[in-house]
Protein chains: 2
Amino acid sequence: MSTETAIKHRIVNGVDVSALMDTIVAIKSNPEIAKFDFRATNTWMGGDKNRSIIKDFTGALEEQRDGMQSFIADNGEPQVLLGNDEAPNPVEWLLHALIGCMTTTTVYHAASRGIEIGAIDSMIEGDLDLRGFLGLSAEVRKGYSAIRATMRVKTKADAETIKSLTAMSPVYDVVSRSLPVSVHIETY
Amino acid sequence: MSTETAIKHRIVNGVDVSALMDTIVAIKSNPEIAKFDFRATNTWMGGDKNRSIIKDFTGALEEQRDGMQSFIADNGEPQVLLGNDEAPNPVEWLLHALIGCMTTTTVYHAASRGIEIGAIDSMIEGDLDLRGFLGLSAEVRKGYSAIRATMRVKTKADAETIKSLTAMSPVYDVVSRSLPVSVHIETY
């Protein structure tokens with residue numbers, strides 16, 4: 001970034017807030033810019049293992065990541081779930097997606113409000129009763145029954161403000177409409 | 001695996017069906033065995049980037065993966081979403097978790113019914129309107145509004161049977177109770 005660009009662009013929490021504001025203005029004038037279509041392909045590799053390729057998507061009226069390198073991600077299962085434990089299992093990936101989304105969302109929305117974040121360290125856990133997956137009880141759901149997240153955030157903002165930012169997260173929206181997700185914020 | 005063990009264990013689709021049946025018998029006698037608590041920690045690394053560590057969990061009345069290597073997974077954002085595009089973003093990870101879970105679930109449940117699977121190749125995509133995340137419209141949800149999956153499965157079983165197996169997936173349970181997930185199965 002040139003000095004001129006650096007002066008023009010206000011960066012908070014590593015997020016280019018000027019570009020974020022430009023995006024909001026652009027979307028207000030043409031809501032089609034806001035429409036995204038994310039994609040993945042997946043191939044079974046035998047037993048507990050399968051592999052996703054994450055690459056191109058549509059967004060901001062264009063094909064994105066065209067000609068760029070793909071991301072490769074594997075699913076496995078631990079030995080107690082009859083796998084070879086070569087990769088996290090899908091319900092663990094769901095926790096990764098959820099806590100990651102809550103973190104990025106907090107950082108971006110804090111930046112847009114001028115709230116500086118110094119650090120975020122989180123823990124997330126989910127309760128899953130295998131009787132649902134195995135079809136042993138109609139009363140037990142197949143997925144998580146509850147998820148709990150604790151985020152420790154270095155900031156001058158109060159915990160309630162930070163908590164309201166986490167609730168803007170797209171993955172939080174998906175999961176919290178399906179099951180109880182409790183979020184505990186500690187600031188320091 | 002010794003020859004004796006190999007004879008004792010019936011393997012279908014790379015899944016040890018004998019061990020699966022033993023697990024079901026054990027859970028029926030003590031449902032506490034079925035209770036799992038999966039976990040992840042996450043650290044913000046600046047801007048769009050954060051990193052999860054996925055390791056130990058509780059399940060089958062024990063601490064699992066104790067003393068084993070951790071899995072490390074990063075979240076990023078593409079440039080159009082003001083990131084450095086060094087890793088998939090959280091909503092892409094959600095697609096990975098979902099299609100991976102549907103694949104593993106299909107393979108395991110097919111195995112338990114003696115249905116042989118030769119291959120599974122899938123495509124998944126989700127619609128997301130950024131106006132929700134940005135708080136520009138109360139009518140637009142923050143997460144995906146719809147997800148579509150197509151799975152191409154090499155098997156003698158019919159498509160409807162395979163589709164019923166995908167619906168046993170824990171991540172499918174979480175996501176499909178929150179938004180419409182359409183699943184199209186092609187067999188060959």
# chains A, B, ... in the order shown; residues from 1 in each chain; ligands from 1
$ residues_around --residues "Ile53 of chain A" --least-positions-apart "2" --cutoff "7 Å" --atoms "only C-alpha atoms" --output "compact mmCIF listing (two decimals) with all heavy atoms, in the first residue's frame"
# COMPACT_ATOMS: atom_id res chain seq x y z
N ALA A 40 -18.69 -25.63 -2.56
CA ALA A 40 -17.63 -26.60 -2.29
C ALA A 40 -17.95 -27.88 -3.06
O ALA A 40 -19.12 -28.16 -3.33
CB ALA A 40 -17.52 -26.89 -0.80
N THR A 41 -16.93 -28.63 -3.42
CA THR A 41 -17.13 -29.98 -3.92
C THR A 41 -16.52 -30.93 -2.89
O THR A 41 -15.68 -30.53 -2.08
CB THR A 41 -16.47 -30.21 -5.29
OG1 THR A 41 -15.07 -29.96 -5.17
CG2 THR A 41 -17.06 -29.27 -6.34
N ASN A 42 -16.97 -32.18 -2.93
CA ASN A 42 -16.49 -33.15 -1.95
C ASN A 42 -16.41 -34.53 -2.58
O ASN A 42 -17.28 -34.91 -3.37
CB ASN A 42 -17.42 -33.17 -0.72
CG ASN A 42 -16.92 -34.08 0.39
OD1 ASN A 42 -17.08 -35.29 0.34
ND2 ASN A 42 -16.28 -33.49 1.38
N ARG A 51 -12.93 -35.52 1.27
CA ARG A 51 -12.14 -34.31 1.03
C ARG A 51 -12.96 -33.26 0.26
O ARG A 51 -13.55 -33.56 -0.77
CB ARG A 51 -10.89 -34.68 0.23
CG ARG A 51 -10.04 -33.49 -0.22
CD ARG A 51 -8.70 -33.95 -0.71
NE ARG A 51 -7.90 -34.47 0.40
CZ ARG A 51 -6.70 -35.07 0.28
NH1 ARG A 51 -6.17 -35.22 -0.93
NH2 ARG A 51 -6.06 -35.50 1.35
N LYS A 55 -13.14 -23.28 -3.57
CA LYS A 55 -12.41 -22.39 -4.45
C LYS A 55 -13.32 -21.23 -4.88
O LYS A 55 -13.52 -20.31 -4.12
CB LYS A 55 -11.88 -23.17 -5.67
CG LYS A 55 -10.87 -22.39 -6.48
CD LYS A 55 -10.45 -23.14 -7.72
CE LYS A 55 -9.71 -22.23 -8.68
NZ LYS A 55 -10.60 -21.24 -9.29
N SER A 70 -6.84 -23.58 -4.99
CA SER A 70 -7.96 -24.11 -4.21
C SER A 70 -7.54 -24.35 -2.77
O SER A 70 -6.38 -24.58 -2.48
CB SER A 70 -8.38 -25.47 -4.77
OG SER A 70 -8.73 -25.36 -6.12
N PHE A 71 -8.52 -24.30 -1.86
CA PHE A 71 -8.32 -24.77 -0.49
C PHE A 71 -8.79 -26.22 -0.41
O PHE A 71 -9.85 -26.56 -0.95
CB PHE A 71 -9.11 -23.91 0.49
CG PHE A 71 -8.69 -22.47 0.52
CD1 PHE A 71 -9.55 -21.47 0.13
CD2 PHE A 71 -7.41 -22.11 0.94
CE1 PHE A 71 -9.17 -20.14 0.15
CE2 PHE A 71 -7.01 -20.78 0.97
CZ PHE A 71 -7.89 -19.79 0.57
N ILE A 72 -8.01 -27.06 0.25
CA ILE A 72 -8.37 -28.48 0.41
C ILE A 72 -8.60 -28.75 1.89
O ILE A 72 -7.80 -28.32 2.73
CB ILE A 72 -7.26 -29.38 -0.15
CG1 ILE A 72 -7.15 -29.18 -1.68
CG2 ILE A 72 -7.52 -30.85 0.18
CD1 ILE A 72 -5.99 -29.89 -2.31
N ALA A 73 -9.69 -29.42 2.21
CA ALA A 73 -10.01 -29.71 3.62
C ALA A 73 -10.58 -31.11 3.73
O ALA A 73 -11.43 -31.52 2.94
CB ALA A 73 -11.03 -28.69 4.13
$ closest_residue --among "B:Ala97, B:Ile117, B:Ile33, B:Ala110" --to "chain A" --atoms "only C-alpha atoms"
B:Ala97
$ residues_around --residues "segment 168-172 of chain B" --least-positions-apart "5" --cutoff "7 Å" --atoms "only C-alpha atoms" --output "list in words"
Val91, Phe133, Lys142 and Gly143 of chain A; Ala97, Leu98, Cys101, Met102 and Thr105 of chain B
$ closest_residue --among "A:Ser29, A:Ser52, A:Thr106, A:Thr23" --to "Pro88 of chain B" --atoms "only C-alpha atoms"
A:Ser52
$ residues_around --residues "Arg131 of chain A" --least-positions-apart "4" --cutoff "8 Å" --atoms "only C-alpha atoms" --output "VMD selection string"
(chain A and resid 135 to 137 140 142) or (chain B and resid 27 31 34)
$ write_last_selection --atoms "C-alpha atoms" --output "tab-separated table (two decimals), in the first residue's frame"
chain	number	residue	atom	x	y	z
A	135	GLY	CA	-31.54	-43.89	15.26
A	136	LEU	CA	-31.85	-45.43	18.75
A	137	SER	CA	-34.20	-42.77	20.12
A	140	VAL	CA	-32.76	-37.46	20.83
A	142	LYS	CA	-29.09	-36.16	15.58
B	27	ILE	CA	-25.20	-47.88	24.15
B	31	PRO	CA	-26.95	-44.62	27.20
B	34	ALA	CA	-23.54	-42.10	23.68
$ select_by_dssp --residues "segment 63-174 of chain A" --states "strand (DSSP E or B)" --output "number ranges by chain"
A: 63-64, 71-75, 117-129, 146-155
$ closest_residue --among "B:Asp127, B:Glu116, B:Asp66, B:Glu160" --to "chain A" --atoms "only C-alpha atoms"
B:Asp127
$ residues_around --residues "Gly47 of chain B" --least-positions-apart "2" --cutoff "9 Å" --atoms "only C-alpha atoms" --output "JSON, numbers by chain"
{"A": [12, 13, 14, 15, 16, 104, 107, 108], "B": [44, 45, 49, 50, 76, 82, 83, 84]}
$ select_by_dssp --residues "segment 58-174 of chain A" --states "alpha helix (DSSP H)" --output "number ranges by chain"
A: 90-112, 130-133, 159-166, 170-174
$ closest_residue --among "A:Gln64, A:Asn89, A:Thr43, A:Ser176" --to "chain B" --atoms "only C-alpha atoms"
A:Thr43
$ atom_distance --atom1 "atom CA of Val17 of chain B" --atom2 "atom CA of Asn30 of chain B"
19.8 Å
$ atom_distance --atom1 "atom CA of Glu125 of chain A" --atom2 "atom CA of Thr150 of chain A"
9.2 Å
$ closest_residue --among "B:Arg113, B:His9, B:Arg65, B:His184" --to "chain A" --atoms "only C-alpha atoms"
B:Arg65
$ residues_around --residues "Ile147 of chain B" --least-positions-apart "2" --cutoff "9 Å" --atoms "only C-alpha atoms" --output "ChimeraX atom specification"
/B:95,124-127,144-145,149,176,179-183
$ closest_residue --among "B:Ala87, B:Leu20, B:Ile54, B:Leu134" --to "Gln69 of chain A" --atoms "only C-alpha atoms"
B:Ala87
